[in-house]
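Quick look at target03.txt (compact mmCIF, C-alpha atoms):
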```
# COMPACT_ATOMS: atom_id res chain seq x y z
CA MET A 1 78.98 -209.04 -53.61
CA ASN A 2 79.63 -209.21 -49.85
CA ASN A 3 77.58 -206.25 -48.75
CA PHE A 4 74.69 -206.51 -51.18
CA THR A 5 71.47 -205.31 -49.44
CA PRO A 6 68.69 -205.47 -52.06
CA ILE A 7 65.77 -205.48 -49.60
CA SER A 8 66.76 -202.58 -47.35
CA SER A 9 67.95 -200.59 -50.37
CA LEU A 10 64.64 -201.18 -52.17
CA VAL A 11 62.66 -200.21 -49.06
CA GLY A 12 64.81 -197.09 -48.57
CA GLY A 13 64.32 -196.20 -52.24
CA ILE A 14 60.53 -196.57 -51.96
CA ILE A 15 60.52 -194.27 -48.90
CA ILE A 16 62.60 -191.71 -50.83
CA GLY A 17 60.09 -192.04 -53.67
CA PHE A 18 57.21 -191.20 -51.32
CA SER A 19 59.06 -188.10 -50.13
CA VAL A 20 59.46 -186.94 -53.75
CA VAL A 21 55.77 -187.65 -54.47
CA ILE A 22 54.40 -185.83 -51.41
CA PHE A 23 56.73 -182.86 -51.97
CA PHE A 24 55.86 -182.51 -55.65
CA TYR A 25 52.13 -183.12 -55.29
CA THR A 26 51.76 -180.53 -52.54
CA THR A 27 54.34 -177.84 -53.34
CA GLY A 28 54.77 -178.39 -57.08
CA ARG A 29 58.56 -178.52 -56.65
CA LEU A 30 61.00 -181.28 -57.44
CA ALA A 31 62.98 -182.81 -54.58
CA GLY A 32 66.39 -182.62 -56.22
CA ILE A 33 68.76 -182.15 -53.30
CA SER A 34 71.53 -180.27 -55.12
CA GLY A 35 68.90 -177.82 -56.35
CA ILE A 36 67.33 -177.41 -52.91
CA PHE A 37 70.78 -176.88 -51.36
CA ALA A 38 71.87 -174.36 -54.02
CA ASN A 39 68.55 -172.49 -53.84
CA THR A 40 68.82 -172.22 -50.07
CA ILE A 41 72.11 -170.38 -50.59
CA LEU A 42 71.37 -168.38 -53.72
CA ASN A 43 67.63 -167.84 -53.94
CA LYS A 44 65.39 -165.80 -51.62
CA LYS A 45 62.29 -167.53 -52.96
CA ASN A 46 61.26 -170.49 -50.76
CA ARG A 47 64.49 -170.11 -48.79
CA ILE A 48 62.97 -171.07 -45.43
CA SER A 49 61.11 -174.10 -46.75
CA ASN A 50 64.22 -175.27 -48.65
CA LEU A 51 66.26 -174.90 -45.47
CA LEU A 52 63.62 -176.87 -43.54
CA PHE A 53 63.86 -179.67 -46.11
CA LEU A 54 67.64 -179.80 -45.54
CA ILE A 55 67.16 -179.80 -41.75
CA GLY A 56 64.72 -182.69 -42.24
CA LEU A 57 67.43 -184.61 -44.11
CA VAL A 58 69.50 -184.45 -40.91
CA ILE A 59 66.61 -185.10 -38.48
CA GLY A 60 65.46 -188.19 -40.44
CA PRO A 61 68.58 -190.29 -39.76
CA LEU A 62 68.75 -189.08 -36.12
CA PHE A 63 65.11 -190.07 -35.66
CA TYR A 64 65.68 -193.46 -37.29
CA PHE A 65 68.75 -194.06 -35.15
CA ASN A 66 66.87 -193.25 -31.94
CA ILE A 67 63.96 -195.55 -32.76
CA SER A 68 65.83 -198.50 -34.27
CA LYS A 69 69.05 -198.26 -32.25
CA VAL A 70 70.84 -199.45 -35.38
CA GLN A 71 74.29 -197.90 -35.72
CA ILE A 72 74.64 -195.73 -38.85
CA ASN A 73 77.75 -196.82 -40.75
CA PHE A 74 79.79 -193.96 -42.10
CA GLU A 75 83.12 -194.96 -43.62
CA ILE A 76 84.95 -192.24 -45.53
CA THR A 77 88.52 -191.35 -46.49
CA ASN A 78 90.29 -189.22 -43.88
CA SER A 79 91.98 -187.05 -46.51
CA ILE A 80 90.70 -183.50 -46.11
CA ILE A 81 92.23 -182.57 -49.48
CA LEU A 82 90.40 -185.38 -51.29
CA ILE A 83 87.12 -184.54 -49.52
CA SER A 84 87.45 -180.85 -50.42
CA ILE A 85 88.21 -181.56 -54.09
CA ALA A 86 85.26 -183.97 -54.20
CA GLY A 87 82.87 -181.46 -52.64
CA PHE A 88 83.96 -178.76 -55.06
CA LEU A 89 83.45 -181.05 -58.09
CA VAL A 90 80.05 -182.19 -56.80
CA GLY A 91 78.88 -178.58 -56.21
CA LEU A 92 80.14 -177.26 -59.56
CA GLY A 93 79.15 -180.34 -61.58
CA THR A 94 75.61 -180.72 -60.25
CA ARG A 95 74.85 -177.05 -60.84
CA MET A 96 76.30 -177.09 -64.38
CA SER A 97 74.24 -180.16 -65.27
CA GLY A 98 71.19 -179.07 -63.24
CA GLY A 99 70.84 -182.10 -61.00
CA CYS A 100 72.35 -184.89 -58.94
CA THR A 101 71.42 -188.45 -58.04
CA SER A 102 67.99 -187.34 -56.84
CA GLY A 103 67.22 -184.60 -59.38
CA HIS A 104 68.37 -186.39 -62.53
CA GLY A 105 68.62 -189.97 -61.25
CA ILE A 106 65.19 -190.22 -59.61
CA CYS A 107 62.97 -187.25 -60.56
CA GLY A 108 64.30 -186.95 -64.13
CA ILE A 109 64.38 -190.62 -65.07
CA SER A 110 60.88 -191.19 -63.72
CA ARG A 111 59.61 -188.39 -66.00
CA PHE A 112 61.44 -190.10 -68.90
CA SER A 113 63.56 -186.99 -69.44
CA ILE A 114 66.24 -187.71 -72.04
CA ARG A 115 68.48 -185.04 -70.47
CA SER A 116 68.32 -186.79 -67.10
CA VAL A 117 68.92 -190.25 -68.59
CA ILE A 118 72.05 -188.92 -70.32
CA ALA A 119 73.19 -187.08 -67.17
CA THR A 120 72.68 -190.17 -64.98
CA ILE A 121 74.54 -192.50 -67.35
CA THR A 122 77.34 -189.93 -67.64
CA PHE A 123 77.85 -189.38 -63.92
CA ILE A 124 77.73 -193.10 -63.16
CA ILE A 125 80.35 -193.83 -65.85
CA SER A 126 82.47 -190.94 -64.60
CA GLY A 127 82.19 -192.26 -61.03
CA VAL A 128 83.08 -195.80 -62.10
CA VAL A 129 86.15 -194.53 -64.01
CA THR A 130 87.22 -192.41 -61.03
CA VAL A 131 86.94 -195.34 -58.59
CA PHE A 132 88.77 -197.61 -61.06
CA ILE A 133 91.66 -195.14 -61.37
CA LEU A 134 91.87 -194.67 -57.60
CA GLN A 135 91.84 -198.41 -56.93
CA ASN A 136 94.35 -199.34 -59.62
CA PHE A 137 96.76 -196.46 -59.68
CA GLY A 138 96.22 -195.06 -56.20
CA LEU A 139 96.12 -191.42 -55.38
CA HIS A 140 97.51 -190.58 -51.99
CA LEU A 141 96.50 -187.04 -51.17
CA MET B 1 53.08 -172.16 -43.40
CA ASN B 2 51.79 -175.50 -44.72
CA ASP B 3 54.52 -175.34 -47.31
CA LYS B 4 57.18 -175.16 -44.60
CA ILE B 5 55.78 -178.03 -42.52
CA ILE B 6 55.53 -180.20 -45.63
CA SER B 7 59.12 -179.36 -46.61
CA LEU B 8 60.38 -180.37 -43.18
CA VAL B 9 58.35 -183.60 -43.16
CA CYS B 10 59.44 -184.51 -46.70
CA GLY B 11 63.07 -183.86 -45.74
CA ILE B 12 62.67 -186.15 -42.73
CA ILE B 13 61.08 -188.91 -44.85
CA PHE B 14 63.81 -188.52 -47.49
CA GLY B 15 66.52 -188.71 -44.81
CA ILE B 16 64.99 -191.86 -43.27
CA GLY B 17 64.85 -193.43 -46.74
CA LEU B 18 68.48 -192.55 -47.39
CA VAL B 19 69.70 -194.08 -44.15
CA ILE B 20 67.61 -197.27 -44.54
CA SER B 21 68.86 -197.62 -48.12
CA GLY B 22 72.46 -197.59 -46.86
CA MET B 23 73.42 -194.72 -49.17
CA THR B 24 74.48 -192.50 -46.27
CA ASN B 25 77.61 -194.66 -46.05
CA PRO B 26 80.21 -193.43 -48.58
CA ALA B 27 81.93 -196.85 -48.59
CA LYS B 28 78.71 -198.45 -49.85
CA VAL B 29 78.43 -195.95 -52.70
CA ILE B 30 82.07 -196.59 -53.63
CA SER B 31 81.40 -200.32 -53.79
CA PHE B 32 78.55 -199.63 -56.23
CA LEU B 33 80.94 -197.69 -58.44
CA SER B 34 83.61 -200.36 -58.02
CA ILE B 35 82.41 -202.72 -60.75
CA THR B 36 85.69 -204.63 -61.09
CA HIS B 37 86.19 -205.31 -57.38
CA ASN B 38 83.50 -206.60 -54.98
CA TRP B 39 80.66 -204.87 -56.80
CA ASP B 40 77.61 -203.99 -54.66
CA ALA B 41 74.56 -203.34 -56.85
CA SER B 42 72.38 -202.00 -53.99
CA LEU B 43 72.24 -198.44 -55.37
CA ILE B 44 70.28 -199.68 -58.41
CA PHE B 45 67.60 -200.95 -55.99
CA VAL B 46 67.45 -197.55 -54.28
CA MET B 47 66.90 -195.72 -57.55
CA GLY B 48 64.56 -198.44 -58.80
CA GLY B 49 62.48 -198.39 -55.60
CA ALA B 50 62.14 -194.62 -55.77
CA ILE B 51 61.26 -194.60 -59.48
CA ILE B 52 58.56 -197.28 -59.02
CA VAL B 53 56.81 -194.78 -56.74
CA THR B 54 57.54 -191.51 -58.57
CA ALA B 55 57.02 -192.53 -62.22
CA PRO B 56 53.25 -193.25 -61.90
CA MET B 57 52.73 -189.94 -60.09
CA PHE B 58 54.54 -187.88 -62.73
CA TYR B 59 52.54 -189.71 -65.40
CA LEU B 60 49.21 -189.06 -63.69
CA LEU B 61 50.00 -185.39 -63.03
CA ARG B 62 51.47 -184.66 -66.47
CA ASN B 63 48.46 -182.61 -67.61
CA ASN B 64 47.66 -181.00 -64.26
CA GLU B 65 48.62 -177.40 -63.72
CA ASN B 66 48.49 -176.70 -60.02
CA SER B 67 49.71 -178.51 -56.94
CA LEU B 68 47.65 -179.10 -53.81
CA LEU B 69 48.92 -175.83 -52.30
CA GLY B 70 48.06 -173.98 -55.50
CA ASN B 71 51.55 -173.55 -56.93
CA GLU B 72 52.26 -174.26 -60.56
CA PHE B 73 53.86 -177.69 -61.14
CA ASN B 74 57.51 -177.08 -61.78
CA PHE B 75 58.11 -179.48 -64.68
CA PRO B 76 61.54 -178.75 -66.16
CA LYS B 77 61.11 -177.57 -69.72
CA LYS B 78 64.67 -177.87 -71.01
CA THR B 79 65.21 -180.58 -73.59
CA GLU B 80 68.58 -179.57 -75.06
CA ILE B 81 71.48 -182.00 -74.62
CA SER B 82 74.04 -179.31 -73.91
CA PHE B 83 77.78 -179.35 -73.29
CA LYS B 84 77.09 -178.13 -69.75
CA LEU B 85 74.79 -181.10 -69.08
CA VAL B 86 77.41 -183.66 -70.07
CA PHE B 87 80.49 -181.86 -68.76
CA GLY B 88 78.78 -181.04 -65.45
CA SER B 89 77.77 -184.69 -65.06
CA ILE B 90 81.37 -185.79 -65.69
CA LEU B 91 82.61 -183.41 -62.96
CA PHE B 92 79.88 -184.52 -60.56
CA GLY B 93 80.63 -188.21 -61.21
CA ALA B 94 84.34 -187.64 -60.60
CA GLY B 95 83.67 -185.92 -57.27
CA TRP B 96 81.13 -188.60 -56.32
CA GLY B 97 83.60 -191.39 -57.13
CA LEU B 98 86.49 -189.75 -55.26
CA ILE B 99 84.93 -190.24 -51.82
CA GLY B 100 81.39 -191.62 -52.28
CA LEU B 101 79.27 -188.63 -51.29
CA CYS B 102 76.55 -186.92 -53.34
CA PRO B 103 74.47 -183.94 -52.13
CA GLY B 104 71.66 -185.79 -50.26
CA PRO B 105 73.86 -188.12 -48.19
CA SER B 106 76.40 -185.33 -47.58
CA ILE B 107 73.71 -183.31 -45.80
CA SER B 108 72.17 -186.31 -44.00
CA SER B 109 75.62 -187.30 -42.77
CA ILE B 110 75.66 -184.23 -40.51
CA ALA B 111 73.66 -186.63 -38.31
CA VAL B 112 76.75 -188.77 -37.67
CA PHE B 113 78.73 -185.74 -36.42
CA ASN B 114 81.83 -186.44 -38.49
CA PRO B 115 83.71 -183.14 -38.87
CA LEU B 116 85.08 -184.26 -42.26
CA THR B 117 81.65 -183.76 -43.86
CA LEU B 118 81.86 -180.05 -43.08
CA PHE B 119 84.82 -179.76 -45.46
CA PHE B 120 82.67 -181.42 -48.12
CA LEU B 121 79.71 -179.10 -47.53
CA LEU B 122 81.94 -176.02 -47.55
CA SER B 123 83.71 -176.94 -50.78
CA MET B 124 80.39 -177.98 -52.38
CA THR B 125 79.11 -174.48 -51.58
CA LEU B 126 82.22 -172.98 -53.24
CA GLY B 127 81.56 -175.09 -56.35
CA ILE B 128 77.94 -173.86 -56.44
CA LEU B 129 79.08 -170.23 -56.09
CA LEU B 130 81.72 -170.66 -58.82
CA ASN B 131 79.06 -171.97 -61.22
CA LYS B 132 76.84 -169.02 -60.35
CA TYR B 133 79.50 -166.42 -61.13
CA LEU B 134 81.25 -168.29 -63.97
```
Starting from the file, lay out its structure as structure tokens.
Amino acid sequence: MNNFTPISSLVGGIIIGFSVVIFFYTTGRLAGISGIFANTILNKKNRISNLLFLIGLVIGPLFYFNISKVQINFEITNSIILISIAGFLVGLGTRMSGGCTSGHGICGISRFSIRSVIATITFIISGVVTVFILQNFGLHL
Amino acid sequence: MNDKIISLVCGIIFGIGLVISGMTNPAKVISFLSITHNWDASLIFVMGGAIIVTAPMFYLLRNNENSLLGNEFNFPKKTEISFKLVFGSILFGAGWGLIGLCPGPSISSIAVFNPLTLFFLLSMTLGILLNKYL
């Protein structure tokens, strides 16, 4: 494990947890990002506040970068085809299952929702299998 | 109005958490999913750290009806383990594993001004629309 960062990941997770807590306690809504993103597009109700949450997601890292001066690493494939397929699967899949890493993985598991536990285990296994296939059999798109 | 300010602030806090956790880097997410090759378990600490904070709150609020701003608490009521739940999660996991982006980090990564993320956000929107009209 070369790049293992347990401390900063734990601290980041706790900060994410506080965002979920403040958002739910005040607005009554769950901070599942795929849901907030989809509702911003599809749902008139709370559209502006959902959009503001998404804008906050962008401002947060910019703010952090300006204060800490730490470079944000962003390493991604340069295949536009692969990125587009991935985005499509993420959009379709999260809306079919009703949540993503935040909605099922954080909000759902912490409510002990069986649906979310099953969803989280399923998408992690699916992700592991996908990475395994890519690494071992290659897929050059 | 309060609702909008709180949404913006919570988004900012969430985004700061994501970037500190390292999850805004797709390569780091891929190394979590890469269990047979240089596995990086950090993502478990992100989820664990968040759940340590959120689980007690959900437990304490489980019998409350209204939030601070007077809205009803939106506790999901579905309990059915449906085909859509499992199949959707398989599709999501496949897309996540292909390049290492899930919805939160894909939006936060607008902050690094990489034009490639726009292709992700556009195709994610298409996937959402397809599900809506399927």
### Task
Tell me which protein, DNA and RNA residues are within 6 Å of stretch 28-42 of chain A, counting all atoms listed in the file, leaving out same-chain ones fewer than 4 positions away, and put them as a PyMOL selection string.
(chain A and resi 20+24+47+50-51+102-103) or (chain B and resi 67+71-74+103-104)
### Task
Would you list the residues near (69.0, -194.7, -48.5) (no more than 7 Å away, in the coordinates of the file, using all atoms listed in the file) as an NGL selection string?
(:A and (9 or 12-13)) or (:B and (17-24 or 46))
Please produce, as JSON lines, a per-residue contact table for stretch 55-101 of chain B versus stretch 108-114 of chain A (criterion: any atom at most 8 Å away, all atoms listed in the file considered), showing the nearest atom pair and its distance in Å to one decimal, sorted by chain then residue number.
```
{"residue": "B:Ala55", "atom": "CA", "partner": "A:Ser110", "partner_atom": "CA", "distance": 4.4}
{"residue": "B:Phe58", "atom": "CA", "partner": "A:Arg111", "partner_atom": "CA", "distance": 6.1}
{"residue": "B:Tyr59", "atom": "CA", "partner": "A:Arg111", "partner_atom": "CA", "distance": 7.2}
{"residue": "B:Thr79", "atom": "CA", "partner": "A:Ile114", "partner_atom": "CA", "distance": 7.4}
```
#### Entry: Near-A:Ile22 list (10 Å; all atoms listed in the file; drop same-chain fewer than 6 positions) as a ChimeraX atom specification
/A:28-29,31 /B:6-7,9-10,13,54,57,68
### Message
At a cut-off of 12 Å, using all atoms listed in the file, what residues contact B:Trp39? Leave out same-chain residues fewer than 3 positions from it and give the result as a list in words.
### Response
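Close residues of B:Trp39: Met1, Asn2, Asn3, Phe4, Thr5, Val128, Val131 and Phe132 of chain A; Ala27, Lys28, Val29, Ile30, Ser31, Phe32, Leu33, Ser34, Ile35, Thr36, Ser42, Leu43 and Ile44 of chain B.
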Include C-alpha atoms and write out the residues we just selected as a compact mmCIF listing (two decimals), in the coordinates of the input.
```txt
# COMPACT_ATOMS: atom_id res chain seq x y z
CA MET A 1 78.98 -209.04 -53.61
CA ASN A 2 79.63 -209.21 -49.85
CA ASN A 3 77.58 -206.25 -48.75
CA PHE A 4 74.69 -206.51 -51.18
CA THR A 5 71.47 -205.31 -49.44
CA VAL A 128 83.08 -195.80 -62.10
CA VAL A 131 86.94 -195.34 -58.59
CA PHE A 132 88.77 -197.61 -61.06
CA ALA B 27 81.93 -196.85 -48.59
CA LYS B 28 78.71 -198.45 -49.85
CA VAL B 29 78.43 -195.95 -52.70
CA ILE B 30 82.07 -196.59 -53.63
CA SER B 31 81.40 -200.32 -53.79
CA PHE B 32 78.55 -199.63 -56.23
CA LEU B 33 80.94 -197.69 -58.44
CA SER B 34 83.61 -200.36 -58.02
CA ILE B 35 82.41 -202.72 -60.75
CA THR B 36 85.69 -204.63 -61.09
CA SER B 42 72.38 -202.00 -53.99
CA LEU B 43 72.24 -198.44 -55.37
CA ILE B 44 70.28 -199.68 -58.41
```
### Residues near A:Ser97, cut-off 7 Å, only C-alpha atoms, skip fewer than 2 positions along chain, as a ChimeraX atom specification
/A:93-95,99 /B:84-86,88-89
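Residue nearest chain A within the list B:Gly95, B:Lys77, B:Asn63, B:Met1: B:Gly95 [criterion: smallest interatomic distance, all atoms listed in the file].
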### Task
Can you work out the spacing between atom CA of A:Ile14 and atom CA of B:Gly15 in Å, to one decimal?
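Distance between the two atoms: 12.2 Å.
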### Task
Give me, please, the distance in Å between atom CA of B:Ile16 and atom CA of B:Ala94, quoted to one decimal.
26.3 Å
### Query
When you draw a straight line from atom CA of A:Arg115 to atom CA of B:Ile90, how long is it in Å?
13.8 Å
### Task
Have a look at B:Ser106, B:Gly127, B:Phe75, B:Ser82 and name the one nearest to chain A; count only C-alpha atoms.
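Closest to chain A of all the choices is B:Gly127.
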Keeping just N, CA, C and O atoms, export stretch 62-88 of chain B of this structure as a PDB file, in the first residue's frame.
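Done, and the output landed in out.pdb:
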```pdb
ATOM      1  N   ARG B  62     -34.304   9.471  15.062  1.00  0.00           N
ATOM      2  CA  ARG B  62     -35.181   8.489  14.400  1.00  0.00           C
ATOM      3  C   ARG B  62     -36.665   8.681  14.704  1.00  0.00           C
ATOM      4  O   ARG B  62     -37.507   8.346  13.892  1.00  0.00           O
ATOM      5  N   ASN B  63     -36.983   9.246  15.881  1.00  0.00           N
ATOM      6  CA  ASN B  63     -38.401   9.431  16.217  1.00  0.00           C
ATOM      7  C   ASN B  63     -38.863  10.878  16.056  1.00  0.00           C
ATOM      8  O   ASN B  63     -40.010  11.198  16.328  1.00  0.00           O
ATOM      9  N   ASN B  64     -37.954  11.750  15.637  1.00  0.00           N
ATOM     10  CA  ASN B  64     -38.340  13.149  15.429  1.00  0.00           C
ATOM     11  C   ASN B  64     -39.066  13.283  14.092  1.00  0.00           C
ATOM     12  O   ASN B  64     -38.847  12.497  13.181  1.00  0.00           O
ATOM     13  N   GLU B  65     -39.903  14.291  14.000  1.00  0.00           N
ATOM     14  CA  GLU B  65     -40.658  14.459  12.766  1.00  0.00           C
ATOM     15  C   GLU B  65     -40.170  15.607  11.908  1.00  0.00           C
ATOM     16  O   GLU B  65     -40.141  15.498  10.691  1.00  0.00           O
ATOM     17  N   ASN B  66     -39.797  16.711  12.562  1.00  0.00           N
ATOM     18  CA  ASN B  66     -39.472  17.894  11.773  1.00  0.00           C
ATOM     19  C   ASN B  66     -38.055  18.383  11.992  1.00  0.00           C
ATOM     20  O   ASN B  66     -37.519  18.331  13.099  1.00  0.00           O
ATOM     21  N   SER B  67     -37.461  18.868  10.902  1.00  0.00           N
ATOM     22  CA  SER B  67     -36.105  19.397  10.959  1.00  0.00           C
ATOM     23  C   SER B  67     -36.136  20.807  11.543  1.00  0.00           C
ATOM     24  O   SER B  67     -37.201  21.382  11.757  1.00  0.00           O
ATOM     25  N   LEU B  68     -34.938  21.351  11.762  1.00  0.00           N
ATOM     26  CA  LEU B  68     -34.802  22.682  12.341  1.00  0.00           C
ATOM     27  C   LEU B  68     -35.560  23.744  11.541  1.00  0.00           C
ATOM     28  O   LEU B  68     -36.121  24.674  12.094  1.00  0.00           O
ATOM     29  N   LEU B  69     -35.588  23.600  10.211  1.00  0.00           N
ATOM     30  CA  LEU B  69     -36.281  24.574   9.374  1.00  0.00           C
ATOM     31  C   LEU B  69     -37.755  24.204   9.180  1.00  0.00           C
ATOM     32  O   LEU B  69     -38.446  24.802   8.363  1.00  0.00           O
ATOM     33  N   GLY B  70     -38.202  23.180   9.905  1.00  0.00           N
ATOM     34  CA  GLY B  70     -39.621  22.842   9.887  1.00  0.00           C
ATOM     35  C   GLY B  70     -40.060  21.890   8.786  1.00  0.00           C
ATOM     36  O   GLY B  70     -41.250  21.620   8.630  1.00  0.00           O
ATOM     37  N   ASN B  71     -39.101  21.350   8.027  1.00  0.00           N
ATOM     38  CA  ASN B  71     -39.483  20.367   7.002  1.00  0.00           C
ATOM     39  C   ASN B  71     -39.565  18.982   7.640  1.00  0.00           C
ATOM     40  O   ASN B  71     -38.911  18.709   8.634  1.00  0.00           O
ATOM     41  N   GLU B  72     -40.344  18.128   7.013  1.00  0.00           N
ATOM     42  CA  GLU B  72     -40.434  16.759   7.494  1.00  0.00           C
ATOM     43  C   GLU B  72     -39.111  16.046   7.213  1.00  0.00           C
ATOM     44  O   GLU B  72     -38.500  16.247   6.160  1.00  0.00           O
ATOM     45  N   PHE B  73     -38.633  15.217   8.161  1.00  0.00           N
ATOM     46  CA  PHE B  73     -37.409  14.448   7.905  1.00  0.00           C
ATOM     47  C   PHE B  73     -37.662  13.436   6.799  1.00  0.00           C
ATOM     48  O   PHE B  73     -38.615  12.659   6.860  1.00  0.00           O
ATOM     49  N   ASN B  74     -36.780  13.479   5.819  1.00  0.00           N
ATOM     50  CA  ASN B  74     -36.985  12.649   4.636  1.00  0.00           C
ATOM     51  C   ASN B  74     -36.293  11.294   4.800  1.00  0.00           C
ATOM     52  O   ASN B  74     -35.314  10.996   4.126  1.00  0.00           O
ATOM     53  N   PHE B  75     -36.798  10.474   5.728  1.00  0.00           N
ATOM     54  CA  PHE B  75     -36.253   9.123   5.884  1.00  0.00           C
ATOM     55  C   PHE B  75     -36.794   8.236   4.766  1.00  0.00           C
ATOM     56  O   PHE B  75     -38.013   8.101   4.624  1.00  0.00           O
ATOM     57  N   PRO B  76     -35.911   7.629   3.973  1.00  0.00           N
ATOM     58  CA  PRO B  76     -36.408   6.741   2.910  1.00  0.00           C
ATOM     59  C   PRO B  76     -37.225   5.604   3.525  1.00  0.00           C
ATOM     60  O   PRO B  76     -36.850   5.050   4.552  1.00  0.00           O
ATOM     61  N   LYS B  77     -38.346   5.307   2.885  1.00  0.00           N
ATOM     62  CA  LYS B  77     -39.234   4.289   3.459  1.00  0.00           C
ATOM     63  C   LYS B  77     -39.149   2.940   2.750  1.00  0.00           C
ATOM     64  O   LYS B  77     -39.661   1.937   3.224  1.00  0.00           O
ATOM     65  N   LYS B  78     -38.502   2.922   1.574  1.00  0.00           N
ATOM     66  CA  LYS B  78     -38.415   1.660   0.836  1.00  0.00           C
ATOM     67  C   LYS B  78     -37.620   0.620   1.618  1.00  0.00           C
ATOM     68  O   LYS B  78     -36.603   0.937   2.228  1.00  0.00           O
ATOM     69  N   THR B  79     -38.074  -0.605   1.583  1.00  0.00           N
ATOM     70  CA  THR B  79     -37.307  -1.675   2.216  1.00  0.00           C
ATOM     71  C   THR B  79     -37.080  -2.844   1.258  1.00  0.00           C
ATOM     72  O   THR B  79     -36.315  -3.747   1.556  1.00  0.00           O
ATOM     73  N   GLU B  80     -37.751  -2.788   0.091  1.00  0.00           N
ATOM     74  CA  GLU B  80     -37.698  -3.924  -0.830  1.00  0.00           C
ATOM     75  C   GLU B  80     -36.314  -4.063  -1.481  1.00  0.00           C
ATOM     76  O   GLU B  80     -35.718  -3.084  -1.920  1.00  0.00           O
ATOM     77  N   ILE B  81     -35.802  -5.279  -1.511  1.00  0.00           N
ATOM     78  CA  ILE B  81     -34.547  -5.547  -2.225  1.00  0.00           C
ATOM     79  C   ILE B  81     -34.941  -5.889  -3.661  1.00  0.00           C
ATOM     80  O   ILE B  81     -35.244  -7.042  -3.976  1.00  0.00           O
ATOM     81  N   SER B  82     -34.955  -4.872  -4.512  1.00  0.00           N
ATOM     82  CA  SER B  82     -35.510  -5.056  -5.851  1.00  0.00           C
ATOM     83  C   SER B  82     -34.413  -5.375  -6.863  1.00  0.00           C
ATOM     84  O   SER B  82     -33.220  -5.199  -6.597  1.00  0.00           O
ATOM     85  N   PHE B  83     -34.841  -5.829  -8.028  1.00  0.00           N
ATOM     86  CA  PHE B  83     -33.919  -6.041  -9.145  1.00  0.00           C
ATOM     87  C   PHE B  83     -33.212  -4.733  -9.496  1.00  0.00           C
ATOM     88  O   PHE B  83     -32.007  -4.709  -9.730  1.00  0.00           O
ATOM     89  N   LYS B  84     -33.996  -3.631  -9.509  1.00  0.00           N
ATOM     90  CA  LYS B  84     -33.413  -2.336  -9.880  1.00  0.00           C
ATOM     91  C   LYS B  84     -32.305  -1.906  -8.919  1.00  0.00           C
ATOM     92  O   LYS B  84     -31.316  -1.310  -9.333  1.00  0.00           O
ATOM     93  N   LEU B  85     -32.483  -2.223  -7.637  1.00  0.00           N
ATOM     94  CA  LEU B  85     -31.470  -1.862  -6.640  1.00  0.00           C
ATOM     95  C   LEU B  85     -30.142  -2.556  -6.961  1.00  0.00           C
ATOM     96  O   LEU B  85     -29.085  -1.925  -6.998  1.00  0.00           O
ATOM     97  N   VAL B  86     -30.231  -3.855  -7.216  1.00  0.00           N
ATOM     98  CA  VAL B  86     -29.005  -4.635  -7.428  1.00  0.00           C
ATOM     99  C   VAL B  86     -28.417  -4.354  -8.813  1.00  0.00           C
ATOM    100  O   VAL B  86     -27.217  -4.098  -8.942  1.00  0.00           O
ATOM    101  N   PHE B  87     -29.277  -4.366  -9.830  1.00  0.00           N
ATOM    102  CA  PHE B  87     -28.777  -4.142 -11.194  1.00  0.00           C
ATOM    103  C   PHE B  87     -28.201  -2.731 -11.340  1.00  0.00           C
ATOM    104  O   PHE B  87     -27.139  -2.531 -11.931  1.00  0.00           O
ATOM    105  N   GLY B  88     -28.910  -1.742 -10.777  1.00  0.00           N
ATOM    106  CA  GLY B  88     -28.414  -0.361 -10.815  1.00  0.00           C
ATOM    107  C   GLY B  88     -27.055  -0.243 -10.131  1.00  0.00           C
ATOM    108  O   GLY B  88     -26.157   0.448 -10.621  1.00  0.00           O
TER     109      GLY B  88
END
```
